$ cat my_file.cif   # mmCIF, C-alpha atoms
data_final
#
loop_
_atom_site.label_atom_id
_atom_site.label_comp_id
_atom_site.auth_asym_id
_atom_site.auth_seq_id
_atom_site.Cartn_x
_atom_site.Cartn_y
_atom_site.Cartn_z
CA MET A 1059 21.15 24.88 142.45
CA THR A 1060 21.91 22.58 145.35
CA GLN A 1061 21.77 24.20 148.78
CA LEU A 1062 24.98 23.48 150.65
CA LEU A 1063 25.73 23.37 154.36
CA ARG A 1064 29.01 25.30 154.72
CA VAL A 1065 31.39 25.85 157.62
CA GLN A 1066 33.30 29.11 157.06
CA ASN A 1067 36.15 30.90 158.82
CA PHE A 1068 36.02 28.41 161.68
CA THR A 1069 39.31 28.87 163.50
CA VAL A 1070 41.17 26.38 165.66
CA SER A 1071 44.59 26.17 167.24
CA SER A 1072 47.42 24.13 165.76
CA ASP A 1073 46.32 21.33 168.09
CA GLY A 1074 42.73 21.46 166.80
CA ILE A 1075 41.07 23.33 169.67
CA GLY A 1076 38.40 25.96 169.05
CA ALA A 1077 37.50 26.99 172.61
CA ARG A 1078 37.69 25.95 176.26
CA GLU A 1079 34.96 24.90 178.63
CA ASP A 1080 33.94 27.40 181.32
CA GLN A 1081 32.97 30.05 178.83
CA SER A 1082 31.67 33.26 180.33
CA LEU A 1083 30.38 36.65 179.33
CA GLU A 1084 33.85 38.08 179.76
CA ARG A 1085 35.63 35.15 178.10
CA PRO A 1086 33.45 33.82 175.27
CA PHE A 1087 36.10 31.27 174.24
CA GLY A 1088 36.90 30.23 177.79
CA PRO A 1089 39.83 31.08 180.05
CA GLY A 1090 43.17 31.73 178.43
CA ILE A 1091 41.88 32.10 174.86
CA ASP A 1092 42.06 35.59 173.42
CA PRO A 1093 39.68 35.79 170.44
CA GLY A 1094 41.56 38.88 169.28
CA LYS A 1095 44.63 36.74 168.72
CA LEU A 1096 42.82 33.66 167.43
CA PHE A 1097 40.96 35.68 164.80
CA GLU A 1098 43.69 38.19 164.05
CA TRP A 1099 44.05 36.65 160.57
CA GLY A 1100 40.43 37.68 159.95
CA TRP A 1101 39.72 41.01 161.59
CA THR A 1102 42.76 42.59 159.97
CA THR A 1103 41.16 42.04 156.53
CA ALA A 1104 39.03 44.60 154.72
CA SER A 1105 35.95 42.34 154.57
CA TRP A 1106 35.69 41.10 158.16
CA PRO A 1107 31.96 41.15 159.01
CA ASN A 1108 30.82 44.40 160.63
CA ARG A 1109 34.26 45.96 160.28
CA ASP A 1110 33.53 49.59 161.03
CA ASP A 1111 36.71 51.29 159.91
CA PRO A 1112 38.21 51.54 156.43
CA GLY A 1113 41.46 49.83 155.49
CA GLY A 1114 42.41 46.24 156.10
CA SER A 1115 44.27 43.80 153.89
CA ARG A 1116 42.86 42.47 150.61
CA GLY A 1117 45.10 39.44 150.17
CA LEU A 1118 44.29 35.76 150.51
CA ASP A 1119 42.68 35.94 153.96
CA ASP A 1120 40.30 38.59 152.69
CA TYR A 1121 38.91 36.22 150.04
CA PHE A 1122 37.79 34.00 152.89
CA THR A 1123 36.30 36.73 155.05
CA ARG A 1124 34.40 38.17 152.10
CA ASP A 1125 33.06 34.74 151.21
CA TRP A 1126 31.60 34.31 154.68
CA ASP A 1127 28.18 35.71 153.75
CA HIS A 1128 28.29 35.06 150.02
CA ASN A 1129 25.14 33.21 148.97
CA ILE A 1130 24.30 32.44 152.61
CA GLY A 1131 20.61 32.55 153.54
CA ALA A 1132 20.64 31.22 157.12
CA GLU A 1133 22.99 30.18 159.92
CA ILE A 1134 22.82 27.32 162.39
CA MET A 1135 24.73 27.76 165.65
CA GLY A 1136 25.10 25.96 168.93
CA ARG A 1137 23.73 27.63 172.02
CA ASN A 1138 27.22 28.46 173.25
CA LYS A 1139 27.85 30.62 170.21
CA PHE A 1140 24.77 32.62 171.17
CA GLY A 1141 25.72 33.20 174.79
CA PRO A 1142 27.27 31.72 177.92
CA GLN A 1143 24.04 30.78 179.72
CA ARG A 1144 23.41 27.08 180.31
CA GLY A 1145 20.21 25.30 181.32
CA PRO A 1146 16.82 27.04 181.29
CA TRP A 1147 16.91 30.63 180.07
CA GLU A 1148 16.92 32.95 183.06
CA ASP A 1149 17.21 36.25 181.33
CA HIS A 1150 15.35 37.01 178.09
CA GLU A 1151 16.51 40.60 178.24
CA TRP A 1152 20.06 39.64 177.36
CA GLN A 1153 20.01 39.02 173.62
CA GLY A 1154 23.29 37.30 172.95
CA TRP A 1155 26.90 38.18 172.34
CA TRP A 1156 26.29 39.78 168.98
CA GLY A 1157 25.16 43.32 169.82
CA ASP A 1158 22.44 45.42 168.25
CA GLU A 1159 23.72 44.76 164.73
CA PRO A 1160 24.54 41.06 164.56
CA PRO A 1161 26.71 40.31 161.54
CA PHE A 1162 24.52 37.44 160.30
CA ARG A 1163 21.74 39.43 158.58
CA THR A 1164 19.73 36.25 157.97
CA PRO A 1165 17.60 33.92 160.09
CA VAL A 1166 19.79 32.20 162.71
CA PHE A 1167 18.79 28.87 164.25
CA VAL A 1168 20.18 28.41 167.76
CA LEU A 1169 20.23 24.80 168.96
CA THR A 1170 18.96 24.50 172.52
CA HIS A 1171 16.87 22.12 174.60
CA HIS A 1172 15.19 25.12 176.22
CA ALA A 1173 12.43 26.97 174.40
CA ARG A 1174 12.64 30.72 173.95
CA PRO A 1175 10.67 33.07 171.71
CA SER A 1176 12.28 34.22 168.47
CA PHE A 1177 13.42 37.83 168.29
CA THR A 1178 14.89 40.17 165.71
CA LEU A 1179 17.89 42.48 166.06
CA SER A 1180 18.40 44.69 163.01
CA ASP A 1181 18.48 42.28 159.99
CA THR A 1182 19.00 39.11 162.04
CA THR A 1183 16.23 36.95 163.50
CA PHE A 1184 17.20 34.38 166.13
CA HIS A 1185 15.10 31.22 166.39
CA PHE A 1186 15.61 28.72 169.22
CA VAL A 1187 15.10 25.11 168.22
CA ASP A 1188 15.24 21.75 169.95
CA ALA A 1189 15.63 19.38 167.02
CA SER A 1190 17.94 16.87 165.41
CA PRO A 1191 20.67 18.15 163.07
CA ALA A 1192 18.71 16.89 160.04
CA ASP A 1193 15.53 18.62 161.19
CA VAL A 1194 17.13 21.96 161.98
CA LEU A 1195 18.96 21.82 158.65
CA ALA A 1196 15.64 21.31 156.87
CA GLN A 1197 14.22 24.36 158.68
CA ALA A 1198 17.28 26.44 157.88
CA LYS A 1199 17.25 25.47 154.21
CA GLU A 1200 13.64 26.50 153.92
CA ALA A 1201 14.39 29.84 155.60
CA ALA A 1202 17.42 30.34 153.32
CA ARG A 1203 15.15 30.46 150.24
CA GLY A 1204 17.46 28.66 147.88
CA LYS A 1205 20.71 30.00 149.28
CA ASP A 1206 23.26 28.00 151.26
CA VAL A 1207 23.22 27.52 155.03
CA ARG A 1208 26.25 28.35 157.17
CA LEU A 1209 27.08 26.09 160.09
CA GLY A 1210 28.49 28.59 162.56
CA GLY A 1211 29.88 26.33 165.28
CA GLY A 1212 31.11 25.92 167.96
CA VAL A 1213 33.19 22.81 167.96
CA SER A 1214 30.49 20.52 169.39
CA THR A 1215 27.95 21.69 166.83
CA VAL A 1216 30.32 21.18 163.90
CA ARG A 1217 31.16 17.69 165.17
CA GLU A 1218 27.49 16.83 165.62
CA PHE A 1219 26.70 17.76 162.02
CA LEU A 1220 29.81 15.94 160.75
CA ASP A 1221 28.73 12.83 162.65
CA ALA A 1222 25.33 13.10 160.94
CA ASP A 1223 27.16 13.50 157.58
CA LEU A 1224 25.28 16.69 156.75
CA VAL A 1225 28.20 19.03 156.02
CA ASP A 1226 29.07 19.77 152.38
CA THR A 1227 32.08 22.08 152.69
CA LEU A 1228 34.35 23.25 155.50
CA HIS A 1229 36.77 26.13 155.63
CA ILE A 1230 38.83 25.62 158.78
CA VAL A 1231 41.55 28.10 159.66
CA VAL A 1232 44.41 26.59 161.64
CA SER A 1233 46.19 29.20 163.71
CA PRO A 1234 49.81 28.77 164.80
CA LEU A 1235 48.66 29.18 168.45
CA LYS A 1236 48.70 26.02 170.59
CA PHE A 1237 46.11 25.62 173.35
CA GLY A 1238 46.84 22.19 174.86
CA THR A 1239 43.42 21.56 176.38
CA GLY A 1240 39.90 22.45 175.37
CA LEU A 1241 37.13 21.59 172.95
CA ARG A 1242 38.80 19.77 170.12
CA LEU A 1243 37.57 19.71 166.51
CA TRP A 1244 40.05 17.01 165.51
CA GLU A 1245 43.27 15.29 166.38
CA SER A 1246 44.27 15.81 162.76
CA PRO A 1247 42.51 17.15 159.65
CA ASP A 1248 43.33 13.84 158.00
CA GLU A 1249 40.42 12.33 159.95
CA LEU A 1250 38.07 13.84 157.37
CA ARG A 1251 39.91 12.66 154.27
CA ASP A 1252 37.79 9.56 153.87
CA ARG A 1253 34.72 11.68 153.11
CA PHE A 1254 36.19 14.95 151.88
CA HIS A 1255 38.71 16.32 149.42
CA LEU A 1256 41.19 18.50 151.26
CA GLU A 1257 43.37 21.38 150.11
CA VAL A 1258 45.80 22.91 152.61
CA VAL A 1259 46.74 26.49 151.78
CA PRO A 1260 49.27 28.40 153.90
CA SER A 1261 48.56 32.12 154.14
CA PRO A 1262 51.20 34.85 154.34
CA SER A 1263 49.52 35.86 157.64
CA GLY A 1264 50.74 32.68 159.32
CA VAL A 1265 47.49 30.71 159.44
CA THR A 1266 46.77 27.71 157.23
CA HIS A 1267 43.46 27.45 155.43
CA HIS A 1268 42.00 23.96 155.23
CA LEU A 1269 39.40 23.57 152.48
CA PHE A 1270 37.22 20.47 152.52
CA TRP A 1271 34.54 19.46 150.10
CA ARG A 1272 32.59 16.28 149.80
CA LYS A 1273 33.89 13.43 147.67
CA MET B 1276 31.33 51.80 151.19
CA THR B 1277 33.99 52.69 148.65
CA GLN B 1278 33.38 51.38 145.16
CA LEU B 1279 36.44 49.51 143.94
CA LEU B 1280 37.71 48.81 140.45
CA ARG B 1281 38.70 45.12 140.53
CA VAL B 1282 40.47 42.85 138.09
CA GLN B 1283 39.42 39.23 138.73
CA ASN B 1284 40.46 35.83 137.39
CA PHE B 1285 42.62 37.48 134.74
CA THR B 1286 44.91 34.72 133.52
CA VAL B 1287 48.33 35.05 131.92
CA SER B 1288 51.15 32.69 131.00
CA SER B 1289 54.26 32.28 133.12
CA ASP B 1290 55.87 34.87 130.85
CA GLY B 1291 53.07 37.37 131.46
CA ILE B 1292 51.14 37.00 128.20
CA GLY B 1293 47.32 37.05 128.13
CA ALA B 1294 46.62 36.66 124.41
CA ARG B 1295 48.16 37.01 120.96
CA GLU B 1296 47.42 39.50 118.22
CA ASP B 1297 45.46 38.24 115.18
CA GLN B 1298 42.49 37.20 117.26
CA SER B 1299 39.62 35.73 115.29
CA LEU B 1300 36.17 34.30 115.79
CA GLU B 1301 37.68 30.82 115.88
CA ARG B 1302 40.65 31.78 118.07
CA PRO B 1303 39.55 34.46 120.54
CA PHE B 1304 42.97 34.49 122.23
CA GLY B 1305 44.89 34.41 118.96
CA PRO B 1306 46.75 31.59 117.21
CA GLY B 1307 48.31 28.90 119.36
CA ILE B 1308 46.51 29.81 122.61
CA ASP B 1309 43.93 27.31 123.78
CA PRO B 1310 41.59 29.03 126.25
CA GLY B 1311 40.52 25.61 127.52
CA LYS B 1312 44.06 25.04 128.77
CA LEU B 1313 44.72 28.60 129.93
CA PHE B 1314 41.54 28.64 132.03
CA GLU B 1315 41.55 25.00 133.08
CA TRP B 1316 42.23 26.11 136.66
CA GLY B 1317 38.89 27.96 136.56
CA TRP B 1318 36.39 25.96 134.55
CA THR B 1319 37.09 22.82 136.57
CA THR B 1320 35.73 24.57 139.70
CA ALA B 1321 32.14 24.39 140.90
CA SER B 1322 31.56 28.14 140.66
CA TRP B 1323 32.90 28.96 137.19
CA PRO B 1324 30.43 31.46 135.69
CA ASN B 1325 27.66 29.84 133.64
CA ARG B 1326 28.88 26.34 134.48
CA ASP B 1327 25.97 24.21 133.36
CA ASP B 1328 26.79 20.87 134.92
CA PRO B 1329 27.03 19.89 138.58
CA GLY B 1330 30.31 18.90 140.19
CA GLY B 1331 33.60 20.73 140.03
CA SER B 1332 36.18 21.34 142.71
CA ARG B 1333 35.55 23.51 145.78
CA GLY B 1334 39.13 24.14 146.84
CA LEU B 1335 41.20 27.30 146.64
CA ASP B 1336 40.59 28.04 142.96
CA ASP B 1337 36.85 27.91 143.57
CA TYR B 1338 37.07 30.76 146.09
CA PHE B 1339 38.37 32.92 143.26
CA THR B 1340 35.82 31.85 140.67
CA ARG B 1341 32.97 32.36 143.12
CA ASP B 1342 34.27 35.83 144.01
CA TRP B 1343 34.18 36.90 140.35
CA ASP B 1344 30.67 38.35 140.56
CA HIS B 1345 30.53 39.01 144.30
CA ASN B 1346 29.45 42.61 144.89
CA ILE B 1347 30.06 43.48 141.23
CA GLY B 1348 27.61 45.91 139.66
CA ALA B 1349 29.18 46.58 136.26
CA GLU B 1350 32.03 45.48 133.99
CA ILE B 1351 34.37 47.45 131.76
CA MET B 1352 35.98 45.56 128.88
CA GLY B 1353 38.08 46.36 125.86
CA ARG B 1354 36.55 45.90 122.44
CA ASN B 1355 38.59 42.78 121.80
CA LYS B 1356 36.96 41.03 124.74
CA PHE B 1357 33.62 41.68 123.09
CA GLY B 1358 34.53 40.35 119.67
CA PRO B 1359 37.21 40.10 116.98
CA GLN B 1360 35.93 42.89 114.72
CA ARG B 1361 38.21 45.94 114.33
CA GLY B 1362 37.41 49.37 112.89
CA PRO B 1363 33.83 50.50 112.16
CA TRP B 1364 31.15 47.96 113.10
CA GLU B 1365 30.11 46.07 110.00
CA ASP B 1366 27.68 43.65 111.49
CA HIS B 1367 25.28 44.64 114.27
CA GLU B 1368 23.61 41.26 114.05
CA TRP B 1369 26.57 39.53 115.65
CA GLN B 1370 26.29 40.28 119.35
CA GLY B 1371 29.65 39.27 120.72
CA TRP B 1372 31.43 36.16 121.91
CA TRP B 1373 29.26 35.67 124.96
CA GLY B 1374 26.19 33.88 123.66
CA ASP B 1375 22.54 34.40 124.55
CA GLU B 1376 23.24 34.23 128.30
CA PRO B 1377 26.37 36.30 128.88
CA PRO B 1378 27.85 35.54 132.32
CA PHE B 1379 28.10 39.20 133.35
CA ARG B 1380 24.47 39.86 134.39
CA THR B 1381 25.19 43.57 134.85
CA PRO B 1382 25.73 46.56 132.58
CA VAL B 1383 28.92 46.07 130.53
CA PHE B 1384 30.83 49.04 129.10
CA VAL B 1385 32.75 48.13 125.95
CA LEU B 1386 35.52 50.58 125.05
CA THR B 1387 35.49 51.44 121.35
CA HIS B 1388 36.08 54.44 119.13
CA HIS B 1389 33.13 53.35 117.01
CA ALA B 1390 29.59 54.09 118.15
CA ARG B 1391 27.03 51.33 118.34
CA PRO B 1392 23.60 51.18 120.01
CA SER B 1393 23.34 49.47 123.40
CA PHE B 1394 21.57 46.12 123.50
CA THR B 1395 20.51 43.59 126.11
CA LEU B 1396 21.02 39.83 126.14
CA SER B 1397 19.30 38.13 129.05
CA ASP B 1398 20.48 40.00 132.20
CA THR B 1399 23.41 41.74 130.52
CA THR B 1400 23.28 45.12 128.75
CA PHE B 1401 26.22 46.09 126.55
CA HIS B 1402 27.01 49.78 126.16
CA PHE B 1403 29.63 50.99 123.67
CA VAL B 1404 31.62 53.99 124.83
CA ASP B 1405 34.37 56.16 123.41
CA ALA B 1406 35.76 57.79 126.54
CA SER B 1407 38.84 58.08 128.72
CA PRO B 1408 39.42 55.42 131.40
CA ALA B 1409 38.40 57.90 134.11
CA ASP B 1410 35.18 58.82 132.30
CA VAL B 1411 34.10 55.26 131.55
CA LEU B 1412 34.87 54.32 135.16
CA ALA B 1413 32.60 57.14 136.34
CA GLN B 1414 29.81 55.83 134.07
CA ALA B 1415 30.33 52.26 135.24
CA LYS B 1416 30.32 53.24 138.92
CA GLU B 1417 27.05 55.05 138.49
CA ALA B 1418 25.55 52.03 136.72
CA ALA B 1419 26.87 49.72 139.47
CA ARG B 1420 24.67 51.44 142.08
CA GLY B 1421 27.12 51.28 144.94
CA LYS B 1422 28.68 47.94 144.03
CA ASP B 1423 32.19 47.47 142.71
CA VAL B 1424 33.19 47.54 139.04
CA ARG B 1425 35.09 44.71 137.42
CA LEU B 1426 37.77 45.50 134.87
CA GLY B 1427 37.45 42.57 132.51
CA GLY B 1428 40.47 42.99 130.25
CA GLY B 1429 42.09 42.23 127.90
CA VAL B 1430 45.73 43.01 128.48
CA SER B 1431 45.72 46.42 126.78
CA THR B 1432 42.67 47.55 128.74
CA VAL B 1433 44.14 46.47 132.08
CA ARG B 1434 47.39 48.26 131.27
CA GLU B 1435 45.55 51.40 130.22
CA PHE B 1436 43.68 51.56 133.55
CA LEU B 1437 46.87 50.78 135.49
CA ASP B 1438 48.64 53.61 133.67
CA ALA B 1439 45.80 55.93 134.71
CA ASP B 1440 46.17 54.60 138.29
CA LEU B 1441 42.48 53.70 138.52
CA VAL B 1442 42.75 50.05 139.59
CA ASP B 1443 42.18 49.18 143.28
CA THR B 1444 42.70 45.40 143.33
CA LEU B 1445 43.96 42.79 140.88
CA HIS B 1446 43.64 39.03 140.98
CA ILE B 1447 46.00 37.73 138.29
CA VAL B 1448 46.31 34.00 137.73
CA VAL B 1449 49.70 32.92 136.44
CA SER B 1450 49.50 29.68 134.53
CA PRO B 1451 52.51 27.37 134.13
CA LEU B 1452 52.09 27.62 130.32
CA LYS B 1453 54.70 29.70 128.48
CA PHE B 1454 53.68 31.59 125.33
CA GLY B 1455 56.85 33.41 124.25
CA THR B 1456 55.24 36.14 122.16
CA GLY B 1457 51.96 38.02 122.49
CA LEU B 1458 50.21 40.75 124.41
CA ARG B 1459 52.13 41.09 127.62
CA LEU B 1460 50.67 42.26 130.93
CA TRP B 1461 54.07 42.53 132.58
CA GLU B 1462 57.67 41.43 132.43
CA SER B 1463 57.34 40.62 136.12
CA PRO B 1464 54.62 41.12 138.76
CA ASP B 1465 57.22 43.04 140.77
CA GLU B 1466 56.60 46.00 138.45
CA LEU B 1467 53.45 46.75 140.43
CA ARG B 1468 54.98 46.54 143.89
CA ASP B 1469 55.61 50.25 144.14
CA ARG B 1470 51.86 50.95 144.18
CA PHE B 1471 50.38 47.66 145.39
CA HIS B 1472 50.73 45.13 148.16
CA LEU B 1473 51.26 41.69 146.62
CA GLU B 1474 50.55 38.21 147.94
CA VAL B 1475 51.61 35.25 145.80
CA VAL B 1476 49.61 32.09 146.53
CA PRO B 1477 50.40 28.80 144.78
CA SER B 1478 47.36 26.63 144.12
CA PRO B 1479 47.31 22.83 144.19
CA SER B 1480 46.04 23.05 140.58
CA GLY B 1481 49.42 24.33 139.40
CA VAL B 1482 48.57 28.01 138.84
CA THR B 1483 49.77 30.81 141.10
CA HIS B 1484 47.32 33.43 142.28
CA HIS B 1485 48.72 36.96 142.47
CA LEU B 1486 46.69 39.25 144.73
CA PHE B 1487 47.36 42.97 144.54
CA TRP B 1488 45.77 45.74 146.52
CA ARG B 1489 46.59 49.41 146.68
CA LYS B 1490 49.10 50.68 149.23
#

$ encode --input "my_file.cif" --output "structure tokens"
Amino acid sequence: MTQLLRVQNFTVSSDGIGAREDQSLERPFGPGIDPGKLFEWGWTTASWPNRDDPGGSRGLDDYFTRDWDHNIGAEIMGRNKFGPQRGPWEDHEWQGWWGDEPPFRTPVFVLTHHARPSFTLSDTTFHFVDASPADVLAQAKEAARGKDVRLGGGVSTVREFLDADLVDTLHIVVSPLKFGTGLRLWESPDELRDRFHLEVVPSPSGVTHHLFWRK
Amino acid sequence: MTQLLRVQNFTVSSDGIGAREDQSLERPFGPGIDPGKLFEWGWTTASWPNRDDPGGSRGLDDYFTRDWDHNIGAEIMGRNKFGPQRGPWEDHEWQGWWGDEPPFRTPVFVLTHHARPSFTLSDTTFHFVDASPADVLAQAKEAARGKDVRLGGGVSTVREFLDADLVDTLHIVVSPLKFGTGLRLWESPDELRDRFHLEVVPSPSGVTHHLFWRK
């Protein structure tokens, strides 16, 4: 089977923005963006990763949250999805935003220009790599042992891999929230139509799922 | 985690019919029903079980076909999903409609009043059981080792488990085809609204996905 590079559950505002600059420990998506609202479509489902209470909806949105780790063997993420530090690592003690039980449960490749030793938290091992998109994808595919690789974001990382034409499928959730300014995935999803099929599926929850796959 | 009993990818006509009586080896869904048309929404996707060529769509319908075996540890099916024979087994040589590589890849419990020894084809083992829905579900859950159990159909089997109130989720695909007469799952999906939440999701392919989960 072909190993795909998949973007999953990546959520942006109605104006295409996934986060703001000036991210901090307290505000991982930047000032004025409440991840609880942006991802409400997801964490209210039964299959949201690391959900620790029973219940949750099992409608359309749940098919997407439960697919998030299906046949995934590795993740690639930008440094800003790992933590808010910029520049050389100052604090190796702090091990990222993801807690003692990161939801990934696979090798995770964090893109950074600054070396740092790999470490393992529960079932997740974080590797820190300074490499081109094609090179890190090759490493991630090898680590995934035949399974697909998830491209975890953020916005800049997704755009970098799109520019390198390495992405096979994207599931982008468009929230009805409008942010105005910030890190923008697109002006319009139509920008990707030259290379991808697109299905646009409104959900009863109010978000709109955008499903892209390579032509 | 709770083990669920899930109906997945079960496809009926716009008038709620899944098959006709008088099924035969040549016409597994009965006279006048072409499974190629009824399941066109599914087999044109990339993840249709046992698809043996590359390609296929990766839009909404593909999320459902790829979820078919996700976290499934056993299947329960009615005898008519196994084969067209009725009454006592006459021919143990014939091992069902599913070929040498059945797509299930788990234990499968076939409901029948007529005993027959279990046998294995590739990764699938068929067991033949004469038991109440609750008892066969208990056997299937044990065999599933913590994973969910899929209720594979046909119509009469799904109805029997609904009557016993044992079903947790249902994904029913309503095709635009109209059959008029046959084995009917429902007069209307609204019949299940007293016990289930329902989301109705139209697909670009022309079918409508009906997603039910227990209230």

$ resolve_selection --input "my_file.cif" --expression "the PyMOL selection byres ((chain A and resi 1150) around 12)" --output "ChimeraX atom specification"
/A:1141,1143,1146-1149,1151-1154,1173-1177

$ write_last_selection --input "my_file.cif" --atoms "C-alpha atoms" --output "short mmCIF file (atom, residue, chain, number, x, y, z; two decimals), in the coordinates of the input"
data_model
loop_
_atom_site.label_atom_id
_atom_site.label_comp_id
_atom_site.auth_asym_id
_atom_site.auth_seq_id
_atom_site.Cartn_x
_atom_site.Cartn_y
_atom_site.Cartn_z
CA GLY A 1141 25.72 33.20 174.79
CA GLN A 1143 24.04 30.78 179.72
CA PRO A 1146 16.82 27.04 181.29
CA TRP A 1147 16.91 30.63 180.07
CA GLU A 1148 16.92 32.95 183.06
CA ASP A 1149 17.21 36.25 181.33
CA GLU A 1151 16.51 40.60 178.24
CA TRP A 1152 20.06 39.64 177.36
CA GLN A 1153 20.01 39.02 173.62
CA GLY A 1154 23.29 37.30 172.95
CA ALA A 1173 12.43 26.97 174.40
CA ARG A 1174 12.64 30.72 173.95
CA PRO A 1175 10.67 33.07 171.71
CA SER A 1176 12.28 34.22 168.47
CA PHE A 1177 13.42 37.83 168.29
#

$ closest_atom_pairs --input "my_file.cif" --of "chain A" --to "chain B" --cutoff "9 Å" --atoms "all atoms listed in the file" --output "CSV"
residue,atom,partner,partner_atom,distance
A:Met1059,CA,B:Pro1329,CA,8.6
A:Thr1060,CA,B:Pro1329,CA,8.9
A:Pro1112,CA,B:Met1276,CA,8.7
A:Ser1115,CA,B:Trp1488,CA,7.8
A:Arg1116,CA,B:Trp1488,CA,6.0
A:Gly1117,CA,B:Leu1486,CA,5.7
A:Leu1118,CA,B:Leu1486,CA,7.2
A:Tyr1121,CA,B:Tyr1338,CA,7.0
A:Phe1122,CA,B:Tyr1338,CA,7.6
A:Arg1124,CA,B:Asp1342,CA,8.4
A:Asp1125,CA,B:Asp1342,CA,7.4
A:His1128,CA,B:His1345,CA,7.3
A:Thr1227,CA,B:Arg1333,CA,7.9
A:His1255,CA,B:Gly1334,CA,8.2
A:Leu1256,CA,B:Gly1334,CA,7.5
A:Glu1257,CA,B:Gly1334,CA,6.0
A:Val1258,CA,B:Pro1479,CA,8.6
A:Val1259,CA,B:Leu1335,CA,7.6
A:Pro1260,CA,B:Val1476,CA,8.2
A:Ser1261,CA,B:Val1476,CA,7.7
A:Pro1262,CA,B:Glu1474,CA,7.3
A:His1268,CA,B:Gly1334,CA,8.9
A:Leu1269,CA,B:Gly1334,CA,5.7
A:Phe1270,CA,B:Gly1334,CA,7.0
A:Trp1271,CA,B:Arg1333,CA,6.0
A:Arg1272,CA,B:Arg1333,CA,8.8

$ atom_distance --input "my_file.cif" --atom1 "CA of Gly1291 in chain B" --atom2 "CA of Leu1437 in chain B"
15.3 Å

$ resolve_selection --input "my_file.cif" --expression "the PyMOL selection byres ((chain A and resi 1161) around 7)" --output "mmCIF file with C-alpha atoms, in the frame of the given file"
data_model
loop_
_atom_site.group_PDB
_atom_site.id
_atom_site.type_symbol
_atom_site.label_atom_id
_atom_site.label_comp_id
_atom_site.auth_asym_id
_atom_site.auth_seq_id
_atom_site.Cartn_x
_atom_site.Cartn_y
_atom_site.Cartn_z
ATOM 1 C CA PRO A 1107 31.960 41.150 159.010
ATOM 2 C CA ASN A 1108 30.820 44.400 160.630
ATOM 3 C CA GLU A 1159 23.720 44.760 164.730
ATOM 4 C CA PRO A 1160 24.540 41.060 164.560
ATOM 5 C CA PHE A 1162 24.520 37.440 160.300
ATOM 6 C CA ARG A 1163 21.740 39.430 158.580
#

$ atom_distance --input "my_file.cif" --atom1 "CA of Gly1264 in chain A" --atom2 "CA of Asp1465 in chain B"
22.2 Å

$ decode --input "my_file.cif" --residues "range 1155-1172 of chain A" --atoms "C-alpha atoms" --output "PDB file, in the first residue's frame"
ATOM      1  CA  TRP A1155       2.299  21.349  25.335  1.00  0.00           C
ATOM      2  CA  TRP A1156       1.094  17.775  25.193  1.00  0.00           C
ATOM      3  CA  GLY A1157       1.362  16.557  28.785  1.00  0.00           C
ATOM      4  CA  ASP A1158       2.544  13.221  30.126  1.00  0.00           C
ATOM      5  CA  GLU A1159       0.285  11.281  27.762  1.00  0.00           C
ATOM      6  CA  PRO A1160       0.594  12.957  24.365  1.00  0.00           C
ATOM      7  CA  PRO A1161      -2.237  11.858  22.076  1.00  0.00           C
ATOM      8  CA  PHE A1162       0.065  10.948  19.176  1.00  0.00           C
ATOM      9  CA  ARG A1163       1.276   7.508  20.350  1.00  0.00           C
ATOM     10  CA  THR A1164       3.750   7.302  17.454  1.00  0.00           C
ATOM     11  CA  PRO A1165       7.099   8.884  16.615  1.00  0.00           C
ATOM     12  CA  VAL A1166       6.670  12.653  16.155  1.00  0.00           C
ATOM     13  CA  PHE A1167       9.114  14.685  14.065  1.00  0.00           C
ATOM     14  CA  VAL A1168       9.346  18.306  15.204  1.00  0.00           C
ATOM     15  CA  LEU A1169      10.812  20.669  12.611  1.00  0.00           C
ATOM     16  CA  THR A1170      13.361  23.022  14.155  1.00  0.00           C
ATOM     17  CA  HIS A1171      16.682  24.606  13.247  1.00  0.00           C
ATOM     18  CA  HIS A1172      17.888  23.952  16.797  1.00  0.00           C
TER      19      HIS A1172
END
